[in-house]
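S.K.: Below: one structure in structure tokens.
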Amino acid sequence: MQLHISPSMRSITISSSSSNGFIDLMKIKVAARHISYRTLFHTILILAFLLPFVFILTALVTLEDCLGRRLGPRLLGRVDDSGQRLVKDFYKILNQVNNEEIPDGLKLPDSYNQLVSEMKSNQYDAKTFAFMLRAMMEKFEREIRESKFSELMNKHFAASSIPKGIHCLSLRLTDEYSSNAHARKQLPSPELLPLLSDNSYHHFVLSTDNILAASVVVTSTVQSSLKPEKIVFHVITDKKTYAGMHSWFALNSVSPAIVEVKGVHQFDWLTRENVPVLEAVENHNGIRNYYHGNHIAGANLSTTTPRMFASKLQARSPKYISLLNHLRIYLPELFPNLDKVVFLDDDVVIQGDLSPLWEIDLEGKVNGAVETCKGEDEWVMSKHFKNYFNFSHPLIAKNLDPSECAWAYGMNIFDLRAWRKTNIRETYHSWLKENLKSNLTMWKLGTLPPALIAFKGHVRPIDPSWHMLGLGYQNKTNIESVKKAAVIHYNGQSKPWLQIGFEHLRPFWTKYVNYSNDFVRNCHILES
């Protein structure tokens with residue numbers, strides 16, 4: 001900054017240097033007469049007052065030149081759009097890169113730090129940087145997707161396998177059946193046999209080949225009942241598990257309740273003539289390959305979401321072609337002398353007295369069940385027919401309503417007298433045959449879809465508090481709701497007896513496992 005007084009003493013000029021030369025910041029002119037000392041004094045006094053502001057203004061002008069018009073304009077209140085232009089240019093480059101092919105041979109860094117390091121050393125331009133960023137993102141997305149599918153496959157195999165401890169329990173109990181007379185004693189004892197068809201008792205049916213799961217269902221039912229002396233359990237299992245299942249209940253009494261154990265081979269009614277479709281399903285090569293073959297072959301993972309893949313894997317569980325899984329459709333024939341039964345799946349736990357179920361008026365309907373279309377969760381309680389059937393198939397589209405509410409298997413009260421007056425079994429067989437003919441294109445998932453059709457018009461909805469589902473699907477299940485439910489159902493892959501079961505939900509099941517039992521202890525059941 002410079003202060004210049006003209007030789008004639010008629011003007012005073014304040015100027016500042018800049019990149020464009022000198023700029024006159026202030027110029028004061030006086031009259032043509034001589035300046036008195038008093039006038040000079042006042043002038044200097046005014047200048048002393050103005051000089052600090054002039055200095056600040058000069059500094060800001062200098063900063064504007066030095067910092068490329070970034071800091072100065074903000075302090076001066078002027079708008080600078082250079083940053084916006086930079087962002088717009090970068091968006092333009094990103095859009096251009098998005099519409100072009102990634103160059104062949106582009107070597108990708110393995111981490112963000114490596115990317116920054118290579119940018120510094122190789123002086124990448126913005127377009128090259130955008131290509132590398134896109135390629136890295138696509139690579140990581142592929143790896144995450146492959147990892148997710150791998151996780152789903154591993155979970156599917158874990159859910160379909162038999163844990164070592166449970167397999168050990170079955171083998172040891174089978175051996176006990178052959179060597180211990182107490183393990184072979186008649187169930188129930190001869191004097192109690194008439195009670196197996198006494199309709200004044202509460203009859204439960206359980207169909208399973210899992211001995212440990214069966215013990216939990218029976219024990220939890222008896223311990224939760226207000227009238228355990230009125231309970232009769234009919235446990236049905238397959239031929240290979242019969243000896244072990246019989247041994248368990250012969251050696252572990254649940255008195256005063258009564259338990260009957262029967263193998264499917266001991267029912268005279270279960271012949272090939274009466275169960276033709278199931279025989280075809282078990283022996284049809286295409287069907288067996290679908291459930292037991294390579295679950296990846298033919299699947300286009302690039303167009304399949306992980307959730308869709310998980311649903312398809314679940315639908316291919318081998319249990320869906322097991323005779324035990326279809327037995328419930330034959331209850332009126334298997335128990336011709338019974339009027340009412342409660343059918344339980346082997347992955348449930350009973351937490352309340354179920355006696356009031358026999359007092360529910362089914363209003364002439366056959367099946368008392370909890371509906372699964374009135375909840376908020378996507379996996380379990382928001383299911384309609386459209387979730388189970390392929391409505392692009394003409395037979396499905398013609399006969400079913402996609403918005404119709406679904407209901408749950410797992411805990412059902414069946415009126416067998418009303419059932420015997422219907423054609424439910426024939427309808428079930430008929431639709432199974434049609435799906436078999438169509439190469440499983442009408443539905444994929446197990447025994448519930450044909451039951452939804454067969455029981456159409458024969459279902460009486462019961463209060464949802466009787467049956468809470470989804471403990472094998474949802475990690476975020478509400479614990480307080482679990483505690484209040486009469487029956488909790490671990491439907492889904494994460495069964496409580498598997499290592500993949502949810503840790504915070506497992507205690508509701510393990511509390512009914514007899515860990516002091518020698519067979520359970522020696523087989524290290526559920527030990528980590």
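Residues in the structure tokens are numbered from 1 in each chain, the chains being A, B, ... in the order shown, and ligands are numbered from 1 in the order shown.
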Which neighbours of region 186-188 of chain A fall inside 7 Å, counting only C-alpha atoms, when residues of the same chain fewer than 5 positions from it are skipped, and could you give them as an MDAnalysis selection string?

M.R.: chainID A and resid 193 250 258:261

S.K.: For region 464-498 of chain A against region 347-363 of chain A, with a cut-off of 6 Å and counting only C-alpha atoms, what is the closest atom pair and its distance in Å to one decimal for every residue that makes the cut, ordered by chain and number, as JSON lines?

M.R.:
```
{"residue": "A:Ala486", "atom": "CA", "partner": "A:Gly352", "partner_atom": "CA", "distance": 4.5}
{"residue": "A:Val487", "atom": "CA", "partner": "A:Ile350", "partner_atom": "CA", "distance": 4.7}
{"residue": "A:Ile488", "atom": "CA", "partner": "A:Val349", "partner_atom": "CA", "distance": 5.4}
{"residue": "A:His489", "atom": "CA", "partner": "A:Val348", "partner_atom": "CA", "distance": 4.4}
{"residue": "A:Tyr490", "atom": "CA", "partner": "A:Asp347", "partner_atom": "CA", "distance": 5.4}
```

S.K.: For Val520 (chain A), please output as a ChimeraX atom specification all residues within 12 Å (counting only C-alpha atoms; exclusion window: fewer than 2 positions along the same chain).

M.R.: /A:164-173,211-212,215,248,252,513-518,522-527

S.K.: Choose the residue, out of A:Ser392, A:Thr219, A:Ser481, A:Asn98, that has the smallest atom-to-atom separation from Trp509 (chain A); count only C-alpha atoms.

M.R.: A:Thr219

S.K.: Need to verify the contact set: Met119 (chain A), 10 Å, only C-alpha atoms, exclusion of same-chain residues closer than 6 positions in sequence. Can you return it as a count of residues only?

M.R.: 5

S.K.: Val218 (chain A): which residues within 9 Å, counting only C-alpha atoms, same-chain residues fewer than 4 positions away excluded, as a PyMOL selection string?

M.R.: chain A and resi 206+213-214+222-223+233+254+259+349-350

S.K.: Considering only C-alpha atoms, state which residue in the set A:Ile93, A:Ile236, A:Ala451, A:Met132 is at the smallest distance from Tyr428 (chain A).

M.R.: A:Ala451
